[in-house]
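Containing compact mmCIF, C-alpha atoms: protein-v9.txt.
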```
# COMPACT_ATOMS: atom_id res chain seq x y z
CA MET A 11 63.19 131.73 175.48
CA THR A 12 59.82 133.40 175.22
CA ASN A 13 57.62 134.88 177.89
CA LYS A 14 54.34 133.14 178.55
CA PRO A 15 51.38 134.51 180.50
CA GLY A 16 52.16 134.51 184.20
CA GLY A 17 55.85 135.25 183.65
CA LYS A 18 56.89 131.67 182.80
CA MET A 19 59.74 131.24 180.37
CA GLU A 20 59.41 128.77 177.51
CA ASN A 21 62.51 126.95 176.32
CA ASN A 22 61.39 126.26 172.71
CA THR A 23 64.46 127.78 171.07
CA ILE A 24 66.89 125.66 173.03
CA THR A 25 64.73 122.55 172.60
CA TRP A 26 64.55 122.71 168.81
CA TRP A 27 68.29 123.44 168.60
CA ILE A 28 69.08 120.36 170.66
CA TYR A 29 66.78 118.20 168.50
CA ALA A 30 68.26 119.68 165.31
CA LEU A 31 71.83 119.02 166.47
CA LEU A 32 70.94 115.46 167.47
CA SER A 33 69.30 115.00 164.08
CA ALA A 34 72.43 116.23 162.31
CA GLY A 35 74.65 113.95 164.38
CA PHE A 36 72.53 110.88 163.73
CA ALA A 37 72.19 111.80 160.05
CA ALA A 38 75.98 111.86 159.80
CA LEU A 39 76.21 108.46 161.48
CA THR A 40 73.46 107.21 159.16
CA THR A 41 75.58 108.06 156.13
CA ILE A 42 78.68 106.34 157.51
CA PHE A 43 76.79 103.23 158.67
CA ALA A 44 74.83 103.09 155.40
CA LYS A 45 77.95 103.38 153.25
CA ILE A 46 79.50 100.43 155.09
CA GLY A 47 76.18 98.55 155.05
CA VAL A 48 75.57 98.77 151.29
CA GLU A 49 79.02 97.45 150.32
CA ASN A 50 77.88 93.89 149.67
CA VAL A 51 74.10 94.07 149.44
CA ASN A 52 71.56 95.43 146.99
CA SER A 53 70.81 99.04 147.95
CA ASN A 54 67.02 98.49 147.81
CA LEU A 55 67.30 95.52 150.18
CA ALA A 56 69.46 97.65 152.48
CA THR A 57 66.81 100.40 152.41
CA ALA A 58 64.08 97.86 153.22
CA ILE A 59 66.04 96.53 156.20
CA ARG A 60 66.66 100.06 157.45
CA THR A 61 62.98 100.89 157.04
CA VAL A 62 61.88 97.93 159.18
CA VAL A 63 64.18 99.11 161.97
CA ILE A 64 62.75 102.62 161.75
CA LEU A 65 59.22 101.23 161.69
CA VAL A 66 59.77 99.21 164.87
CA ILE A 67 61.42 102.15 166.68
CA ALA A 68 58.80 104.72 165.63
CA TRP A 69 55.80 102.53 166.49
CA GLY A 70 57.49 101.46 169.72
CA ILE A 71 57.75 105.10 170.77
CA VAL A 72 54.12 105.77 169.77
CA PHE A 73 52.87 102.80 171.80
CA PHE A 74 55.14 103.60 174.76
CA GLN A 75 53.84 107.18 174.89
CA GLY A 76 50.24 106.01 174.51
CA ASN A 77 49.69 108.05 171.35
CA VAL A 78 48.34 105.23 169.15
CA VAL A 79 44.77 106.21 170.09
CA ASN A 80 45.35 109.60 168.44
CA ILE A 81 45.55 108.02 164.98
CA LEU A 82 41.78 108.18 164.66
CA ALA A 83 41.79 111.94 165.29
CA ILE A 84 44.04 112.69 162.30
CA SER A 85 42.17 114.59 159.60
CA GLN A 86 42.02 113.26 156.06
CA ARG A 87 44.06 116.22 154.75
CA THR A 88 46.77 115.69 157.37
CA MET A 89 46.86 111.95 156.65
CA ILE A 90 47.26 112.60 152.91
CA PHE A 91 50.22 114.89 153.53
CA LEU A 92 51.79 112.44 156.01
CA LEU A 93 51.44 109.68 153.41
CA LEU A 94 52.96 111.91 150.71
CA SER A 95 55.81 112.70 153.09
CA GLY A 96 56.31 108.96 153.58
CA VAL A 97 56.44 108.37 149.84
CA SER A 98 58.96 111.20 149.46
CA THR A 99 61.06 109.86 152.32
CA GLY A 100 61.03 106.35 150.87
CA LEU A 101 62.09 107.54 147.44
CA SER A 102 64.77 109.75 148.98
CA TRP A 103 66.19 106.80 150.92
CA ILE A 104 66.13 104.50 147.89
CA PHE A 105 68.02 107.01 145.75
CA TYR A 106 70.35 107.93 148.63
CA PHE A 107 71.36 104.31 149.22
CA GLN A 108 71.83 103.80 145.49
CA ALA A 109 74.08 106.86 145.37
CA LEU A 110 76.02 105.70 148.44
CA GLN A 111 76.56 102.29 146.91
CA THR A 112 78.24 103.73 143.84
CA GLY A 113 79.67 107.03 145.10
CA LYS A 114 81.79 108.39 147.91
CA ALA A 115 79.92 109.23 151.11
CA SER A 116 81.86 112.50 151.34
CA LEU A 117 80.40 113.55 147.98
CA VAL A 118 76.93 111.99 148.17
CA ALA A 119 76.07 113.56 151.54
CA PRO A 120 76.70 117.20 150.55
CA ILE A 121 74.60 116.81 147.43
CA ASP A 122 71.84 115.19 149.48
CA LYS A 123 72.02 117.99 152.05
CA SER A 124 71.77 120.57 149.31
CA SER A 125 68.06 119.78 149.52
CA LEU A 126 68.16 122.75 151.89
CA VAL A 127 68.02 124.95 148.79
CA LEU A 128 64.84 123.22 147.63
CA VAL A 129 63.33 123.41 151.12
CA LEU A 130 63.91 127.15 151.13
CA LEU A 131 62.35 127.55 147.69
CA PHE A 132 59.39 125.27 148.45
CA SER A 133 58.76 126.90 151.86
CA VAL A 134 58.43 130.28 150.16
CA ILE A 135 56.23 128.99 147.31
CA PHE A 136 54.00 126.49 149.13
CA LEU A 137 54.04 127.64 152.75
CA GLY A 138 54.25 131.40 152.18
CA GLU A 139 57.27 131.71 154.48
CA PRO A 140 59.14 135.01 154.15
CA LEU A 141 62.35 135.23 152.17
CA ASN A 142 65.01 137.69 153.25
CA LEU A 143 68.55 138.62 152.29
CA LYS A 144 70.06 136.53 155.10
CA MET A 145 68.29 133.39 153.86
CA ILE A 146 69.31 134.03 150.25
CA LEU A 147 72.93 134.63 151.27
CA GLY A 148 73.06 131.55 153.52
CA THR A 149 71.51 129.33 150.87
CA SER A 150 73.91 130.68 148.25
CA LEU A 151 76.82 129.79 150.53
CA VAL A 152 75.43 126.25 150.93
CA VAL A 153 75.25 125.90 147.15
CA MET A 154 78.77 127.24 146.71
CA GLY A 155 80.09 124.99 149.48
CA THR A 156 78.46 121.96 147.89
CA LEU A 157 79.96 122.82 144.53
CA VAL A 158 83.41 123.25 146.07
CA LEU A 159 83.13 119.82 147.72
CA ILE A 160 81.93 117.92 144.64
CA LEU A 161 83.85 119.56 141.81
```

Go ahead and render the structure in this file as C-alpha cells.
Amino acid sequence: MTNKPGGKMENNTITWWIYALLSAGFAALTTIFAKIGVENVNSNLATAIRTVVILVIAWGIVFFQGNVVNILAISQRTMIFLLLSGVSTGLSWIFYFQALQTGKASLVAPIDKSSLVLVLLFSVIFLGEPLNLKMILGTSLVVMGTLVLIL
C-alpha cells in the first residue's frame, strides 16, 4: 500500500497481485480446456471460436461499463500499438493451439510461459526498465525450470 495525499492508503499492490493470480489461474484452465477442445477439430478453427467468445466478453464489459465512447479519444500511436498487440496475441494463440494439438499440455505450457524471458529482455531494450541481479537470477531459474520440464 502506498500513502496518498491526505493520509489515504492505496491498495494497488494487493489489487495487481489478485488480478495476476486470477490471470494465472484462468490461463491454466485455458490450457486444459484448449487441449481437450482441440482433440477433434482444426486448431485454427478452435482459435477462431475461442476468439469470438473473447470478443463478445470483452465488448460486453466495455459496453456495460460505458467505456465505448472512449474509443474516439485513443491516440493514433496508442491505437497502432493496441493493434500490433492484437496481431501478436492472435499469432500467439494460433501457434499455441497448434502446439497443444500435437504436444502434451504439460510440455507446451512451460515453453509458452518461458515468454517471460523475452518480456524481461524486451522490457529492458524497448521500455528502458531497469535490470537487476534479482531479475536475472529469477529469469535464469525460469529458463532452467523450463528446460528441466521439457528435456

List the spatial neighbours of stretch 59-62 of chain A as a CSV table (one decimal) with C-alpha atoms, in the coordinates of the input - criterion: any atom at most 12 Å away, only C-alpha atoms, same-chain residues fewer than 3 positions off excluded.
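After the write, around-v4.csv holds the following:
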```csv
chain,number,residue,atom,x,y,z
A,40,THR,CA,73.5,107.2,159.2
A,43,PHE,CA,76.8,103.2,158.7
A,44,ALA,CA,74.8,103.1,155.4
A,47,GLY,CA,76.2,98.6,155.0
A,48,VAL,CA,75.6,98.8,151.3
A,51,VAL,CA,74.1,94.1,149.4
A,52,ASN,CA,71.6,95.4,147.0
A,53,SER,CA,70.8,99.0,148.0
A,54,ASN,CA,67.0,98.5,147.8
A,55,LEU,CA,67.3,95.5,150.2
A,56,ALA,CA,69.5,97.6,152.5
A,65,LEU,CA,59.2,101.2,161.7
A,66,VAL,CA,59.8,99.2,164.9
A,67,ILE,CA,61.4,102.2,166.7
A,68,ALA,CA,58.8,104.7,165.6
A,69,TRP,CA,55.8,102.5,166.5
A,70,GLY,CA,57.5,101.5,169.7
A,96,GLY,CA,56.3,109.0,153.6
A,99,THR,CA,61.1,109.9,152.3
A,100,GLY,CA,61.0,106.4,150.9
A,101,LEU,CA,62.1,107.5,147.4
A,103,TRP,CA,66.2,106.8,150.9
A,104,ILE,CA,66.1,104.5,147.9
A,107,PHE,CA,71.4,104.3,149.2
```

What does the distance between atom CA of A:Gln111 and atom CA of A:Ala30 come to in Å, to one decimal place?
26.6 Å

List the neighbours of A:Leu117 out to 10 Å using all atoms listed in the file; skip same-chain residues closer than 2 positions along the sequence, and give me the result as a PDB file with C-alpha atoms, keeping the file's coordinate frame.
```pdb
ATOM      1  CA  ALA A 109      74.080 106.860 145.370  1.00  0.00           C
ATOM      2  CA  LEU A 110      76.020 105.700 148.440  1.00  0.00           C
ATOM      3  CA  GLY A 113      79.670 107.030 145.100  1.00  0.00           C
ATOM      4  CA  LYS A 114      81.790 108.390 147.910  1.00  0.00           C
ATOM      5  CA  ALA A 115      79.920 109.230 151.110  1.00  0.00           C
ATOM      6  CA  ALA A 119      76.070 113.560 151.540  1.00  0.00           C
ATOM      7  CA  PRO A 120      76.700 117.200 150.550  1.00  0.00           C
ATOM      8  CA  ILE A 121      74.600 116.810 147.430  1.00  0.00           C
ATOM      9  CA  ASP A 122      71.840 115.190 149.480  1.00  0.00           C
ATOM     10  CA  THR A 156      78.460 121.960 147.890  1.00  0.00           C
ATOM     11  CA  LEU A 157      79.960 122.820 144.530  1.00  0.00           C
ATOM     12  CA  LEU A 159      83.130 119.820 147.720  1.00  0.00           C
ATOM     13  CA  ILE A 160      81.930 117.920 144.640  1.00  0.00           C
ATOM     14  CA  LEU A 161      83.850 119.560 141.810  1.00  0.00           C
TER      15      LEU A 161
END
```

Which residue out of A:Val158, A:Val129, A:Val118, A:Val152 has the minimum interatomic distance to A:Thr41 when all atoms listed in the file are used?
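Comparing A:Val158, A:Val129, A:Val118, A:Val152 against A:Thr41, the winner is A:Val118.
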
Grab the atom CA of A:Ala34 to atom CA of A:Leu126 distance for me, in Å with one decimal place.
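Interatomic distance, atom CA of A:Ala34 to atom CA of A:Leu126: 13.0 Å.
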
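A straight line drawn from atom CA of A:Thr149 to atom CA of A:Ser95 is 23.0 Å long.
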
Please determine, counting only C-alpha atoms, which residue among A:Ser116, A:Arg87, A:Val72, A:Ile81 has the shortest atom-to-atom distance to A:Ile42.
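Using only C-alpha atoms, the shortest distance to A:Ile42 belongs to A:Ser116.
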
Could you add N, CA, C and O atoms to stretch 115-129 of chain A and give me the result as a PDB file, in the coordinates of the input?
```pdb
ATOM      1  N   ALA A 115      80.801 108.633 150.110  1.00  0.00           N
ATOM      2  CA  ALA A 115      79.920 109.230 151.110  1.00  0.00           C
ATOM      3  C   ALA A 115      80.201 110.722 151.264  1.00  0.00           C
ATOM      4  O   ALA A 115      79.283 111.530 151.442  1.00  0.00           O
ATOM      5  N   SER A 116      81.478 111.096 151.164  1.00  0.00           N
ATOM      6  CA  SER A 116      81.860 112.500 151.340  1.00  0.00           C
ATOM      7  C   SER A 116      81.377 113.389 150.200  1.00  0.00           C
ATOM      8  O   SER A 116      81.368 114.610 150.326  1.00  0.00           O
ATOM      9  N   LEU A 117      80.963 112.787 149.087  1.00  0.00           N
ATOM     10  CA  LEU A 117      80.400 113.550 147.980  1.00  0.00           C
ATOM     11  C   LEU A 117      78.879 113.422 147.908  1.00  0.00           C
ATOM     12  O   LEU A 117      78.183 114.379 147.571  1.00  0.00           O
ATOM     13  N   VAL A 118      78.378 112.221 148.223  1.00  0.00           N
ATOM     14  CA  VAL A 118      76.930 111.990 148.170  1.00  0.00           C
ATOM     15  C   VAL A 118      76.216 112.841 149.220  1.00  0.00           C
ATOM     16  O   VAL A 118      75.201 113.474 148.924  1.00  0.00           O
ATOM     17  N   ALA A 119      76.740 112.854 150.443  1.00  0.00           N
ATOM     18  CA  ALA A 119      76.070 113.560 151.540  1.00  0.00           C
ATOM     19  C   ALA A 119      75.892 115.061 151.272  1.00  0.00           C
ATOM     20  O   ALA A 119      74.791 115.587 151.486  1.00  0.00           O
ATOM     21  N   PRO A 120      76.927 115.771 150.810  1.00  0.00           N
ATOM     22  CA  PRO A 120      76.700 117.200 150.550  1.00  0.00           C
ATOM     23  C   PRO A 120      75.646 117.463 149.470  1.00  0.00           C
ATOM     24  O   PRO A 120      74.861 118.412 149.595  1.00  0.00           O
ATOM     25  N   ILE A 121      75.627 116.625 148.456  1.00  0.00           N
ATOM     26  CA  ILE A 121      74.600 116.810 147.430  1.00  0.00           C
ATOM     27  C   ILE A 121      73.224 116.554 148.019  1.00  0.00           C
ATOM     28  O   ILE A 121      72.277 117.312 147.782  1.00  0.00           O
ATOM     29  N   ASP A 122      73.111 115.495 148.820  1.00  0.00           N
ATOM     30  CA  ASP A 122      71.840 115.190 149.480  1.00  0.00           C
ATOM     31  C   ASP A 122      71.413 116.350 150.371  1.00  0.00           C
ATOM     32  O   ASP A 122      70.246 116.753 150.367  1.00  0.00           O
ATOM     33  N   LYS A 123      72.345 116.897 151.130  1.00  0.00           N
ATOM     34  CA  LYS A 123      72.020 117.990 152.050  1.00  0.00           C
ATOM     35  C   LYS A 123      71.741 119.302 151.328  1.00  0.00           C
ATOM     36  O   LYS A 123      71.206 120.243 151.914  1.00  0.00           O
ATOM     37  N   SER A 124      72.096 119.369 150.061  1.00  0.00           N
ATOM     38  CA  SER A 124      71.770 120.570 149.310  1.00  0.00           C
ATOM     39  C   SER A 124      70.259 120.678 149.085  1.00  0.00           C
ATOM     40  O   SER A 124      69.778 121.670 148.537  1.00  0.00           O
ATOM     41  N   SER A 125      69.522 119.685 149.546  1.00  0.00           N
ATOM     42  CA  SER A 125      68.060 119.780 149.520  1.00  0.00           C
ATOM     43  C   SER A 125      67.592 120.994 150.310  1.00  0.00           C
ATOM     44  O   SER A 125      66.468 121.458 150.125  1.00  0.00           O
ATOM     45  N   LEU A 126      68.463 121.519 151.151  1.00  0.00           N
ATOM     46  CA  LEU A 126      68.160 122.750 151.890  1.00  0.00           C
ATOM     47  C   LEU A 126      67.725 123.855 150.931  1.00  0.00           C
ATOM     48  O   LEU A 126      66.811 124.623 151.231  1.00  0.00           O
ATOM     49  N   VAL A 127      68.365 123.928 149.783  1.00  0.00           N
ATOM     50  CA  VAL A 127      68.020 124.950 148.790  1.00  0.00           C
ATOM     51  C   VAL A 127      66.577 124.753 148.328  1.00  0.00           C
ATOM     52  O   VAL A 127      65.805 125.714 148.226  1.00  0.00           O
ATOM     53  N   LEU A 128      66.209 123.498 148.074  1.00  0.00           N
ATOM     54  CA  LEU A 128      64.840 123.220 147.630  1.00  0.00           C
ATOM     55  C   LEU A 128      63.838 123.465 148.759  1.00  0.00           C
ATOM     56  O   LEU A 128      62.736 123.957 148.510  1.00  0.00           O
ATOM     57  N   VAL A 129      64.213 123.145 149.985  1.00  0.00           N
ATOM     58  CA  VAL A 129      63.330 123.410 151.120  1.00  0.00           C
ATOM     59  C   VAL A 129      63.052 124.903 151.224  1.00  0.00           C
ATOM     60  O   VAL A 129      61.908 125.321 151.411  1.00  0.00           O
TER      61      VAL A 129
END
```
